[in-house]
$ cat upload_35.cif   # mmCIF, C-alpha atoms; chains and numbers go by the auth columns
data_target
#
loop_
_atom_site.group_PDB
_atom_site.id
_atom_site.type_symbol
_atom_site.label_atom_id
_atom_site.label_comp_id
_atom_site.label_asym_id
_atom_site.label_seq_id
_atom_site.Cartn_x
_atom_site.Cartn_y
_atom_site.Cartn_z
_atom_site.B_iso_or_equiv
_atom_site.auth_seq_id
_atom_site.auth_asym_id
ATOM 1 C CA MET A 1 19.093 16.946 7.514 0.00 22 O
ATOM 2 C CA SER A 2 17.970 13.382 8.235 0.00 23 O
ATOM 3 C CA GLY A 3 14.723 12.325 6.629 0.00 24 O
ATOM 4 C CA LEU A 4 14.707 15.017 3.948 0.00 25 O
ATOM 5 C CA TYR A 5 12.218 14.357 1.128 0.00 26 O
ATOM 6 C CA ILE A 6 13.301 15.592 -2.284 0.00 27 O
ATOM 7 C CA PRO A 7 12.277 14.920 -5.899 0.00 28 O
ATOM 8 C CA ILE A 8 14.671 12.642 -7.758 0.00 29 O
ATOM 9 C CA GLY A 9 13.528 13.570 -11.238 0.00 30 O
ATOM 10 C CA GLY A 10 11.647 11.725 -13.931 0.00 31 O
ATOM 11 C CA PRO A 11 8.622 9.624 -13.017 0.00 32 O
ATOM 12 C CA ASP A 12 10.137 8.048 -9.939 0.00 33 O
ATOM 13 C CA GLY A 13 8.672 10.278 -7.260 0.00 34 O
ATOM 14 C CA SER A 14 10.696 10.954 -4.122 0.00 35 O
ATOM 15 C CA ARG A 15 13.289 9.519 -1.792 0.00 36 O
ATOM 16 C CA THR A 16 14.395 9.801 1.807 0.00 37 O
ATOM 17 C CA ASP A 17 17.825 9.309 3.296 0.00 38 O
ATOM 18 C CA HIS A 18 17.388 5.521 3.278 0.00 39 O
ATOM 19 C CA ALA A 19 14.529 4.880 0.806 0.00 40 O
ATOM 20 C CA GLU A 20 14.218 5.513 -2.909 0.00 41 O
ATOM 21 C CA ASN A 21 11.375 4.829 -5.298 0.00 42 O
ATOM 22 C CA LEU A 22 11.622 3.274 -8.745 0.00 43 O
ATOM 23 C CA LEU A 23 8.280 3.528 -10.517 0.00 44 O
ATOM 24 C CA ALA A 24 6.953 0.535 -12.439 0.00 45 O
ATOM 25 C CA PRO A 25 5.551 1.312 -15.929 0.00 46 O
ATOM 26 C CA ASN A 26 2.019 0.121 -15.138 0.00 47 O
ATOM 27 C CA PRO A 27 -0.049 3.324 -14.818 0.00 48 O
ATOM 28 C CA SER A 28 -3.833 2.999 -14.701 0.00 49 O
ATOM 29 C CA LEU A 29 -6.842 4.407 -12.921 0.00 50 O
ATOM 30 C CA MET A 30 -6.295 1.800 -10.209 0.00 51 O
ATOM 31 C CA THR A 31 -2.493 2.008 -9.930 0.00 52 O
ATOM 32 C CA LEU A 32 -2.216 5.797 -10.404 0.00 53 O
ATOM 33 C CA ASP A 33 1.256 6.545 -11.873 0.00 54 O
ATOM 34 C CA GLY A 34 2.250 2.898 -11.416 0.00 55 O
ATOM 35 C CA THR A 35 3.530 0.692 -8.612 0.00 56 O
ATOM 36 C CA ASN A 36 6.187 2.184 -6.355 0.00 57 O
ATOM 37 C CA THR A 37 9.122 -0.200 -5.893 0.00 58 O
ATOM 38 C CA TRP A 38 10.989 0.926 -2.786 0.00 59 O
ATOM 39 C CA VAL A 39 14.711 0.297 -2.267 0.00 60 O
ATOM 40 C CA ILE A 40 15.629 0.557 1.421 0.00 61 O
ATOM 41 C CA GLY A 41 19.135 0.722 2.848 0.00 62 O
ATOM 42 C CA GLY A 42 22.705 1.563 1.857 0.00 63 O
ATOM 43 C CA GLU A 43 25.215 -1.002 0.612 0.00 64 O
ATOM 44 C CA ASP A 44 22.885 -3.759 1.787 0.00 65 O
ATOM 45 C CA VAL A 45 19.286 -3.152 0.720 0.00 66 O
ATOM 46 C CA VAL A 46 15.797 -4.545 1.070 0.00 67 O
ATOM 47 C CA VAL A 47 13.508 -4.188 -1.954 0.00 68 O
ATOM 48 C CA VAL A 48 9.828 -3.686 -1.130 0.00 69 O
ATOM 49 C CA ASP A 49 7.263 -4.599 -3.804 0.00 70 O
ATOM 50 C CA PRO A 50 9.206 -5.418 -6.997 0.00 71 O
ATOM 51 C CA GLY A 51 5.985 -4.683 -8.869 0.00 72 O
ATOM 52 C CA PRO A 52 4.377 -6.485 -11.801 0.00 73 O
ATOM 53 C CA ASP A 53 6.030 -9.166 -13.894 0.00 74 O
ATOM 54 C CA ASP A 54 7.607 -6.635 -16.233 0.00 75 O
ATOM 55 C CA GLU A 55 11.121 -7.592 -17.321 0.00 76 O
ATOM 56 C CA SER A 56 12.134 -4.039 -18.256 0.00 77 O
ATOM 57 C CA HIS A 57 11.181 -2.688 -14.836 0.00 78 O
ATOM 58 C CA LEU A 58 12.844 -5.523 -12.943 0.00 79 O
ATOM 59 C CA GLN A 59 16.026 -5.124 -14.970 0.00 80 O
ATOM 60 C CA ARG A 60 15.998 -1.371 -14.418 0.00 81 O
ATOM 61 C CA VAL A 61 15.779 -1.918 -10.659 0.00 82 O
ATOM 62 C CA ARG A 62 18.591 -4.451 -10.823 0.00 83 O
ATOM 63 C CA ASP A 63 20.774 -2.121 -12.904 0.00 84 O
ATOM 64 C CA HIS A 64 20.032 0.787 -10.570 0.00 85 O
ATOM 65 C CA LEU A 65 21.307 -1.200 -7.600 0.00 86 O
ATOM 66 C CA GLY A 66 24.734 -1.647 -9.148 0.00 87 O
ATOM 67 C CA GLU A 67 27.016 -3.436 -6.675 0.00 88 O
ATOM 68 C CA ARG A 68 24.622 -3.114 -3.767 0.00 89 O
ATOM 69 C CA HIS A 69 23.501 -6.381 -2.189 0.00 90 O
ATOM 70 C CA VAL A 70 19.802 -7.250 -1.916 0.00 91 O
ATOM 71 C CA THR A 71 19.350 -9.132 1.350 0.00 92 O
ATOM 72 C CA GLU A 72 15.583 -9.667 1.112 0.00 93 O
ATOM 73 C CA ILE A 73 12.525 -8.862 -0.993 0.00 94 O
ATOM 74 C CA LEU A 74 9.435 -7.869 0.996 0.00 95 O
ATOM 75 C CA LEU A 75 5.816 -7.692 -0.132 0.00 96 O
ATOM 76 C CA THR A 76 3.267 -5.321 1.352 0.00 97 O
ATOM 77 C CA HIS A 77 0.621 -7.740 0.016 0.00 98 O
ATOM 78 C CA GLY A 78 0.086 -10.288 -2.706 0.00 99 O
ATOM 79 C CA HIS A 79 -1.813 -8.362 -5.390 0.00 100 O
ATOM 80 C CA LEU A 80 -0.038 -8.877 -8.697 0.00 101 O
ATOM 81 C CA ASP A 81 0.797 -5.233 -9.350 0.00 102 O
ATOM 82 C CA HIS A 82 3.043 -5.508 -6.266 0.00 103 O
ATOM 83 C CA SER A 83 4.092 -9.159 -6.251 0.00 104 O
ATOM 84 C CA GLY A 84 3.935 -10.366 -9.856 0.00 105 O
ATOM 85 C CA GLY A 85 7.629 -9.714 -10.505 0.00 106 O
ATOM 86 C CA ALA A 86 8.895 -11.032 -7.159 0.00 107 O
ATOM 87 C CA LYS A 87 9.923 -14.518 -8.329 0.00 108 O
ATOM 88 C CA ARG A 88 11.792 -13.224 -11.364 0.00 109 O
ATOM 89 C CA PHE A 89 13.487 -10.457 -9.370 0.00 110 O
ATOM 90 C CA ALA A 90 14.523 -13.002 -6.728 0.00 111 O
ATOM 91 C CA GLU A 91 16.215 -14.993 -9.492 0.00 112 O
ATOM 92 C CA MET A 92 18.018 -11.859 -10.693 0.00 113 O
ATOM 93 C CA VAL A 93 19.445 -10.869 -7.310 0.00 114 O
ATOM 94 C CA GLY A 94 19.559 -14.171 -5.412 0.00 115 O
ATOM 95 C CA ALA A 95 17.413 -12.998 -2.495 0.00 116 O
ATOM 96 C CA PRO A 96 14.448 -14.599 -0.704 0.00 117 O
ATOM 97 C CA VAL A 97 10.902 -13.234 -0.930 0.00 118 O
ATOM 98 C CA ARG A 98 9.127 -12.658 2.373 0.00 119 O
ATOM 99 C CA ALA A 99 5.390 -12.071 2.701 0.00 120 O
ATOM 100 C CA LEU A 100 2.554 -12.672 5.131 0.00 121 O
ATOM 101 C CA ASP A 101 0.767 -15.028 2.724 0.00 122 O
ATOM 102 C CA PRO A 102 2.759 -18.288 2.362 0.00 123 O
ATOM 103 C CA ARG A 103 1.752 -18.494 -1.309 0.00 124 O
ATOM 104 C CA HIS A 104 3.996 -15.533 -2.093 0.00 125 O
ATOM 105 C CA ARG A 105 7.072 -16.573 -0.120 0.00 126 O
ATOM 106 C CA LEU A 106 10.170 -17.887 -1.847 0.00 127 O
ATOM 107 C CA GLY A 107 13.208 -19.359 -0.149 0.00 128 O
ATOM 108 C CA GLY A 108 12.803 -17.521 3.136 0.00 129 O
ATOM 109 C CA GLU A 109 10.735 -16.965 6.228 0.00 130 O
ATOM 110 C CA GLY A 110 7.350 -15.340 6.331 0.00 131 O
ATOM 111 C CA LEU A 111 6.504 -11.915 7.659 0.00 132 O
ATOM 112 C CA ALA A 112 4.294 -11.153 10.635 0.00 133 O
ATOM 113 C CA ASP A 113 3.288 -8.231 12.779 0.00 134 O
ATOM 114 C CA GLY A 114 6.120 -7.258 15.097 0.00 135 O
ATOM 115 C CA ASP A 115 8.953 -8.636 12.939 0.00 136 O
ATOM 116 C CA VAL A 116 12.022 -6.477 12.373 0.00 137 O
ATOM 117 C CA VAL A 117 13.896 -6.754 9.065 0.00 138 O
ATOM 118 C CA THR A 118 17.407 -5.328 8.782 0.00 139 O
ATOM 119 C CA ALA A 119 19.584 -4.228 5.873 0.00 140 O
ATOM 120 C CA GLY A 120 22.923 -3.175 7.258 0.00 141 O
ATOM 121 C CA ASP A 121 22.198 -0.553 9.903 0.00 142 O
ATOM 122 C CA VAL A 122 18.673 0.139 8.585 0.00 143 O
ATOM 123 C CA GLU A 123 15.600 -1.448 10.137 0.00 144 O
ATOM 124 C CA LEU A 124 12.055 -2.051 8.949 0.00 145 O
ATOM 125 C CA HIS A 125 9.431 -2.810 11.599 0.00 146 O
ATOM 126 C CA VAL A 126 6.468 -4.843 10.351 0.00 147 O
ATOM 127 C CA TYR A 127 2.914 -3.699 11.085 0.00 148 O
ATOM 128 C CA GLY A 128 -0.002 -5.994 10.288 0.00 149 O
ATOM 129 C CA THR A 129 -2.621 -3.796 8.586 0.00 150 O
ATOM 130 C CA PRO A 130 -5.314 -6.022 7.047 0.00 151 O
ATOM 131 C CA GLY A 131 -8.245 -4.444 5.268 0.00 152 O
ATOM 132 C CA HIS A 132 -7.351 -3.528 1.707 0.00 153 O
ATOM 133 C CA SER A 133 -6.420 -7.208 1.517 0.00 154 O
ATOM 134 C CA PHE A 134 -6.241 -9.844 4.228 0.00 155 O
ATOM 135 C CA ASP A 135 -2.429 -9.956 3.973 0.00 156 O
ATOM 136 C CA SER A 136 -1.610 -6.233 3.912 0.00 157 O
ATOM 137 C CA LEU A 137 1.470 -5.102 5.812 0.00 158 O
ATOM 138 C CA CYS A 138 3.094 -1.734 6.451 0.00 159 O
ATOM 139 C CA PHE A 139 6.771 -1.166 7.246 0.00 160 O
ATOM 140 C CA TRP A 140 8.091 1.473 9.655 0.00 161 O
ATOM 141 C CA LEU A 141 11.490 2.921 8.740 0.00 162 O
ATOM 142 C CA PRO A 142 12.585 4.597 11.997 0.00 163 O
ATOM 143 C CA GLN A 143 15.788 6.098 10.598 0.00 164 O
ATOM 144 C CA ASP A 144 13.688 8.291 8.289 0.00 165 O
ATOM 145 C CA GLY A 145 10.517 8.610 10.352 0.00 166 O
ATOM 146 C CA ALA A 146 8.629 7.057 7.447 0.00 167 O
ATOM 147 C CA MET A 147 5.961 4.375 7.099 0.00 168 O
ATOM 148 C CA LEU A 148 5.722 2.346 3.891 0.00 169 O
ATOM 149 C CA THR A 149 1.989 1.807 3.461 0.00 170 O
ATOM 150 C CA GLY A 150 1.500 -0.341 0.353 0.00 171 O
ATOM 151 C CA ASP A 151 -2.117 0.036 -0.719 0.00 172 O
ATOM 152 C CA THR A 152 -3.409 0.725 2.795 0.00 173 O
ATOM 153 C CA VAL A 153 -2.827 4.443 2.179 0.00 174 O
ATOM 154 C CA LEU A 154 -2.216 5.819 -1.314 0.00 175 O
ATOM 155 C CA GLY A 155 -0.454 8.988 -2.344 0.00 176 O
ATOM 156 C CA ARG A 156 -3.625 10.263 -4.051 0.00 177 O
ATOM 157 C CA GLY A 157 -7.265 9.401 -3.584 0.00 178 O
ATOM 158 C CA THR A 158 -8.406 6.472 -1.457 0.00 179 O
ATOM 159 C CA THR A 159 -7.907 2.747 -1.680 0.00 180 O
ATOM 160 C CA ILE A 160 -10.571 0.141 -2.356 0.00 181 O
ATOM 161 C CA ILE A 161 -11.494 -2.715 -0.058 0.00 182 O
ATOM 162 C CA ALA A 162 -10.637 -5.666 -2.275 0.00 183 O
ATOM 163 C CA ARG A 163 -12.550 -8.937 -2.306 0.00 184 O
ATOM 164 C CA ASP A 164 -9.888 -10.487 -0.088 0.00 185 O
ATOM 165 C CA GLY A 165 -10.126 -7.638 2.416 0.00 186 O
ATOM 166 C CA GLY A 166 -12.672 -6.298 4.869 0.00 187 O
ATOM 167 C CA LEU A 167 -13.820 -2.897 6.072 0.00 188 O
ATOM 168 C CA ALA A 168 -13.843 -3.667 9.796 0.00 189 O
ATOM 169 C CA ASP A 169 -10.198 -4.745 9.589 0.00 190 O
ATOM 170 C CA TYR A 170 -9.384 -1.731 7.435 0.00 191 O
ATOM 171 C CA LEU A 171 -10.853 0.763 9.889 0.00 192 O
ATOM 172 C CA ARG A 172 -8.903 -0.848 12.733 0.00 193 O
ATOM 173 C CA SER A 173 -5.736 -0.679 10.624 0.00 194 O
ATOM 174 C CA LEU A 174 -6.249 3.011 9.893 0.00 195 O
ATOM 175 C CA ASP A 175 -6.768 3.687 13.594 0.00 196 O
ATOM 176 C CA ARG A 176 -3.603 1.755 14.385 0.00 197 O
ATOM 177 C CA LEU A 177 -1.573 3.659 11.803 0.00 198 O
ATOM 178 C CA ARG A 178 -2.961 6.953 13.085 0.00 199 O
ATOM 179 C CA ALA A 179 -1.912 6.107 16.635 0.00 200 O
ATOM 180 C CA ALA A 180 1.508 4.937 15.434 0.00 201 O
ATOM 181 C CA ALA A 181 2.042 8.069 13.352 0.00 202 O
ATOM 182 C CA GLU A 182 1.441 10.190 16.442 0.00 203 O
ATOM 183 C CA SER A 183 3.425 8.113 18.941 0.00 204 O
ATOM 184 C CA LEU A 184 6.366 7.619 16.585 0.00 205 O
ATOM 185 C CA ALA A 185 6.338 11.229 15.327 0.00 206 O
ATOM 186 C CA ALA A 186 6.155 9.990 11.728 0.00 207 O
ATOM 187 C CA ARG A 187 7.307 12.475 9.111 0.00 208 O
ATOM 188 C CA ALA A 188 6.090 10.809 5.921 0.00 209 O
ATOM 189 C CA LEU A 189 4.057 7.993 4.427 0.00 210 O
ATOM 190 C CA LEU A 190 5.667 6.162 1.504 0.00 211 O
ATOM 191 C CA PRO A 191 2.749 4.619 -0.412 0.00 212 O
ATOM 192 C CA GLY A 192 2.541 1.773 -2.894 0.00 213 O
ATOM 193 C CA HIS A 193 1.106 4.153 -5.524 0.00 214 O
ATOM 194 C CA GLY A 194 1.330 7.917 -5.874 0.00 215 O
ATOM 195 C CA PRO A 195 3.562 10.527 -4.247 0.00 216 O
ATOM 196 C CA VAL A 196 5.015 10.654 -0.749 0.00 217 O
ATOM 197 C CA LEU A 197 2.666 12.103 1.875 0.00 218 O
ATOM 198 C CA PRO A 198 4.588 14.538 4.107 0.00 219 O
ATOM 199 C CA ASP A 199 1.760 14.928 6.662 0.00 220 O
ATOM 200 C CA PRO A 200 1.013 11.420 7.985 0.00 221 O
ATOM 201 C CA ILE A 201 -1.480 12.440 10.648 0.00 222 O
ATOM 202 C CA GLY A 202 -3.367 14.717 8.272 0.00 223 O
ATOM 203 C CA ALA A 203 -3.470 12.011 5.601 0.00 224 O
ATOM 204 C CA LEU A 204 -4.704 9.355 8.025 0.00 225 O
ATOM 205 C CA ASP A 205 -7.284 11.671 9.572 0.00 226 O
ATOM 206 C CA GLY A 206 -8.533 12.354 6.047 0.00 227 O
ATOM 207 C CA TYR A 207 -8.750 8.640 5.266 0.00 228 O
ATOM 208 C CA ILE A 208 -10.661 7.876 8.457 0.00 229 O
ATOM 209 C CA ALA A 209 -13.066 10.781 7.939 0.00 230 O
ATOM 210 C CA HIS A 210 -13.634 9.752 4.306 0.00 231 O
ATOM 211 C CA ARG A 211 -14.558 6.204 5.308 0.00 232 O
ATOM 212 C CA ARG A 212 -17.008 7.406 7.925 0.00 233 O
ATOM 213 C CA GLU A 213 -18.534 9.851 5.440 0.00 234 O
ATOM 214 C CA ARG A 214 -18.967 7.086 2.839 0.00 235 O
ATOM 215 C CA LEU A 215 -20.717 4.891 5.387 0.00 236 O
ATOM 216 C CA ASP A 216 -23.116 7.734 6.195 0.00 237 O
ATOM 217 C CA GLN A 217 -23.752 8.241 2.466 0.00 238 O
ATOM 218 C CA ILE A 218 -24.478 4.552 1.985 0.00 239 O
ATOM 219 C CA ARG A 219 -26.883 4.547 4.910 0.00 240 O
ATOM 220 C CA ALA A 220 -28.674 7.512 3.346 0.00 241 O
ATOM 221 C CA ALA A 221 -28.760 5.836 -0.081 0.00 242 O
ATOM 222 C CA ARG A 222 -30.350 2.767 1.473 0.00 243 O
ATOM 223 C CA GLU A 223 -32.961 4.913 3.168 0.00 244 O
ATOM 224 C CA GLN A 224 -33.765 6.328 -0.284 0.00 245 O
ATOM 225 C CA GLY A 225 -34.335 2.815 -1.648 0.00 246 O
ATOM 226 C CA ALA A 226 -30.984 1.809 -3.118 0.00 247 O
ATOM 227 C CA ARG A 227 -30.216 -1.801 -2.284 0.00 248 O
ATOM 228 C CA THR A 228 -27.560 -3.397 -4.490 0.00 249 O
ATOM 229 C CA PRO A 229 -23.944 -2.234 -4.718 0.00 250 O
ATOM 230 C CA ARG A 230 -24.592 -1.010 -8.255 0.00 251 O
ATOM 231 C CA GLU A 231 -27.625 1.025 -7.207 0.00 252 O
ATOM 232 C CA ILE A 232 -25.686 2.560 -4.337 0.00 253 O
ATOM 233 C CA VAL A 233 -22.700 3.399 -6.535 0.00 254 O
ATOM 234 C CA ARG A 234 -24.982 5.305 -8.900 0.00 255 O
ATOM 235 C CA VAL A 235 -26.048 7.499 -5.971 0.00 256 O
ATOM 236 C CA VAL A 236 -22.938 7.786 -3.804 0.00 257 O
ATOM 237 C CA TYR A 237 -20.290 7.772 -6.554 0.00 258 O
ATOM 238 C CA ALA A 238 -22.192 9.850 -9.092 0.00 259 O
ATOM 239 C CA ASP A 239 -19.316 12.365 -9.287 0.00 260 O
ATOM 240 C CA VAL A 240 -16.649 9.664 -9.757 0.00 261 O
ATOM 241 C CA ASP A 241 -15.326 8.642 -13.180 0.00 262 O
ATOM 242 C CA ARG A 242 -17.572 5.819 -14.407 0.00 263 O
ATOM 243 C CA SER A 243 -14.555 3.732 -15.332 0.00 264 O
ATOM 244 C CA LEU A 244 -14.022 3.354 -11.571 0.00 265 O
ATOM 245 C CA TRP A 245 -17.559 2.267 -10.772 0.00 266 O
ATOM 246 C CA ALA A 246 -16.787 -1.459 -11.015 0.00 267 O
ATOM 247 C CA ALA A 247 -14.058 -1.041 -8.390 0.00 268 O
ATOM 248 C CA ALA A 248 -16.394 1.140 -6.326 0.00 269 O
ATOM 249 C CA GLU A 249 -18.952 -1.676 -6.323 0.00 270 O
ATOM 250 C CA ILE A 250 -16.381 -3.922 -4.648 0.00 271 O
ATOM 251 C CA SER A 251 -15.821 -1.334 -1.907 0.00 272 O
ATOM 252 C CA VAL A 252 -19.572 -0.758 -1.518 0.00 273 O
ATOM 253 C CA ALA A 253 -20.131 -4.489 -1.101 0.00 274 O
ATOM 254 C CA ALA A 254 -17.545 -4.470 1.703 0.00 275 O
ATOM 255 C CA GLN A 255 -19.248 -1.478 3.322 0.00 276 O
ATOM 256 C CA LEU A 256 -22.657 -3.116 3.108 0.00 277 O
ATOM 257 C CA ASP A 257 -21.252 -6.225 4.742 0.00 278 O
ATOM 258 C CA TYR A 258 -19.780 -4.063 7.477 0.00 279 O
ATOM 259 C CA LEU A 259 -23.057 -2.223 8.111 0.00 280 O
ATOM 260 C CA ASP A 260 -25.050 -5.445 8.155 0.00 281 O
ATOM 261 C CA ARG A 261 -22.777 -6.802 10.879 0.00 282 O
ATOM 262 C CA LEU A 262 -23.179 -3.815 13.205 0.00 283 O
#

$ encode --input "upload_35.cif" --output "structure tokens"
Amino acid sequence: MSGLYIPIGGPDGSRTDHAENLLAPNPSLMTLDGTNTWVIGGEDVVVVDPGPDDESHLQRVRDHLGERHVTEILLTHGHLDHSGGAKRFAEMVGAPVRALDPRHRLGGEGLADGDVVTAGDVELHVYGTPGHSFDSLCFWLPQDGAMLTGDTVLGRGTTIIARDGGLADYLRSLDRLRAAAESLAARALLPGHGPVLPDPIGALDGYIAHRRERLDQIRAAREQGARTPREIVRVVYADVDRSLWAAAEISVAAQLDYLDRL
């Protein structure tokens, strides 16, 4: 059956007919199990998000590829847990690095919304999805009915709005992905962290509802007298592990900026 999602054993998560995940050894509260490095294609492959600058991980990916040819390295965005190893991996396999942000490109063209990247008979269609970061991209893999989502949608929990992102853009990106998931009959989301999501529409509806709920909670916290991001986090994120509060403050600051612009 085309597009079948099955465990591949060990820590590496899941694969589809044309995509397989090799998990980087950088687990944390922010990266979940670690960064998902996705290998897309057959004999010719595209590698999405080589991950951090970790020689053991990069060598493991290279060894796993065997005689397969890497045509291009793509970045969903420039945060170091996704892009830090890109230059070194490019040296290993002799492939260019393509990204939206020119600072992360190496020896190749950029990437932009509407581009189509090919590896043999496999295609990746580029979707501009700013919000988590200004340069976030998602990649549609039509052969498997799957969307690679980077940090725009995670396999568990919700993503933060980083300092180089914005909530208004993020909400528009979620709406765009939701519409695409329906029109394209998507069967899975392949995230940058965490497990594959086999119900794209359900996952995206949950993300959109969560964001709206958080905004309502922040409005209520303000009405109760909370003003700064830290004060609001203490109210709205009281049930969240305190080790995540610093990251939550970044997201709250983005939400406050969004509300103040309405």

$ atom_distance --input "upload_35.cif" --atom1 "atom CA of Gly106 of chain O" --atom2 "atom CA of Asp70 of chain O"
8.4 Å

$ resolve_selection --input "upload_35.cif" --expression "the PyMOL selection byres ((chain O and resi 77-82) around 8)" --output "JSON, numbers by chain"
{"O": [43, 45, 46, 71, 74, 75, 76, 83, 84, 85, 86, 106, 109, 110]}

$ closest_residue --input "upload_35.cif" --among "O:Arg233, O:Arg255, O:His214, O:Arg248" --to "Asn42 of chain O" --atoms "all atoms listed in the file"
O:His214

$ residues_around --input "upload_35.cif" --residues "segment 180-185 of chain O" --least-positions-apart "4" --cutoff "6 Å" --atoms "all atoms listed in the file" --output "tab-separated table (two decimals) with C-alpha atoms, keeping the file's coordinate frame"
chain	number	residue	atom	x	y	z
O	153	HIS	CA	-7.35	-3.53	1.71
O	154	SER	CA	-6.42	-7.21	1.52
O	155	PHE	CA	-6.24	-9.84	4.23
O	272	SER	CA	-15.82	-1.33	-1.91

$ atom_distance --input "upload_35.cif" --atom1 "atom CA of Arg89 of chain O" --atom2 "atom CA of Val66 of chain O"
7.0 Å

$ resolve_selection --input "upload_35.cif" --expression "the PyMOL selection byres ((chain O and resi 116) around 8)" --output "JSON, numbers by chain"
{"O": [91, 92, 93, 94, 111, 112, 114, 115, 117, 118, 128]}

$ atom_distance --input "upload_35.cif" --atom1 "atom CA of Pro250 of chain O" --atom2 "atom CA of Glu270 of chain O"
5.3 Å

$ resolve_selection --input "upload_35.cif" --expression "the PyMOL selection byres ((chain O and resi 177) around 10)" --output "PyMOL selection string"
chain O and resi 53-54+174-176+178-180+212+214-218+224

$ decode --input "upload_35.cif" --residues "segment 235-249 of chain O" --atoms "N, CA, C and O atoms" --output "mmCIF file, in the first residue's frame"
data_model
loop_
_atom_site.group_PDB
_atom_site.id
_atom_site.type_symbol
_atom_site.label_atom_id
_atom_site.label_comp_id
_atom_site.auth_asym_id
_atom_site.auth_seq_id
_atom_site.Cartn_x
_atom_site.Cartn_y
_atom_site.Cartn_z
ATOM 1 N N ARG O 235 -5.249 29.908 24.033
ATOM 2 C CA ARG O 235 -4.194 30.624 24.742
ATOM 3 C C ARG O 235 -4.423 32.135 24.682
ATOM 4 O O ARG O 235 -4.206 32.845 25.672
ATOM 5 N N LEU O 236 -4.839 32.626 23.529
ATOM 6 C CA LEU O 236 -5.101 34.061 23.420
ATOM 7 C C LEU O 236 -6.224 34.479 24.365
ATOM 8 O O LEU O 236 -6.141 35.532 25.015
ATOM 9 N N ASP O 237 -7.263 33.663 24.455
ATOM 10 C CA ASP O 237 -8.356 33.965 25.392
ATOM 11 C C ASP O 237 -7.846 33.941 26.831
ATOM 12 O O ASP O 237 -8.228 34.792 27.654
ATOM 13 N N GLN O 238 -6.967 32.989 27.149
ATOM 14 C CA GLN O 238 -6.423 32.908 28.509
ATOM 15 C C GLN O 238 -5.550 34.121 28.826
ATOM 16 O O GLN O 238 -5.566 34.628 29.953
ATOM 17 N N ILE O 239 -4.816 34.584 27.858
ATOM 18 C CA ILE O 239 -3.964 35.760 28.074
ATOM 19 C C ILE O 239 -4.813 37.005 28.242
ATOM 20 O O ILE O 239 -4.530 37.864 29.103
ATOM 21 N N ARG O 240 -5.866 37.122 27.464
ATOM 22 C CA ARG O 240 -6.784 38.253 27.658
ATOM 23 C C ARG O 240 -7.347 38.237 29.080
ATOM 24 O O ARG O 240 -7.400 39.274 29.755
ATOM 25 N N ALA O 241 -7.744 37.052 29.534
ATOM 26 C CA ALA O 241 -8.313 36.948 30.884
ATOM 27 C C ALA O 241 -7.268 37.274 31.944
ATOM 28 O O ALA O 241 -7.567 37.953 32.942
ATOM 29 N N ALA O 242 -6.028 36.813 31.743
ATOM 30 C CA ALA O 242 -4.963 37.104 32.705
ATOM 31 C C ALA O 242 -4.701 38.600 32.789
ATOM 32 O O ALA O 242 -4.463 39.153 33.867
ATOM 33 N N ARG O 243 -4.761 39.271 31.667
ATOM 34 C CA ARG O 243 -4.579 40.727 31.660
ATOM 35 C C ARG O 243 -5.700 41.418 32.421
ATOM 36 O O ARG O 243 -5.466 42.389 33.164
ATOM 37 N N GLU O 244 -6.912 40.926 32.226
ATOM 38 C CA GLU O 244 -8.050 41.518 32.935
ATOM 39 C C GLU O 244 -7.911 41.347 34.445
ATOM 40 O O GLU O 244 -8.424 42.158 35.226
ATOM 41 N N GLN O 245 -7.185 40.283 34.854
ATOM 42 C CA GLN O 245 -6.953 40.038 36.278
ATOM 43 C C GLN O 245 -5.739 40.793 36.809
ATOM 44 O O GLN O 245 -5.397 40.669 37.982
ATOM 45 N N GLY O 246 -5.069 41.561 35.942
ATOM 46 C CA GLY O 246 -3.963 42.397 36.399
ATOM 47 C C GLY O 246 -2.578 41.983 35.970
ATOM 48 O O GLY O 246 -1.612 42.712 36.220
ATOM 49 N N ALA O 247 -2.436 40.820 35.354
ATOM 50 C CA ALA O 247 -1.116 40.406 34.871
ATOM 51 C C ALA O 247 -0.734 41.274 33.679
ATOM 52 O O ALA O 247 -1.560 41.524 32.799
ATOM 53 N N ARG O 248 0.525 41.700 33.646
ATOM 54 C CA ARG O 248 0.951 42.610 32.594
ATOM 55 C C ARG O 248 2.163 42.102 31.817
ATOM 56 O O ARG O 248 2.172 42.116 30.604
ATOM 57 N N THR O 249 3.208 41.684 32.501
ATOM 58 C CA THR O 249 4.423 41.259 31.820
ATOM 59 C C THR O 249 4.300 39.807 31.369
ATOM 60 O O THR O 249 3.470 39.044 31.890
#
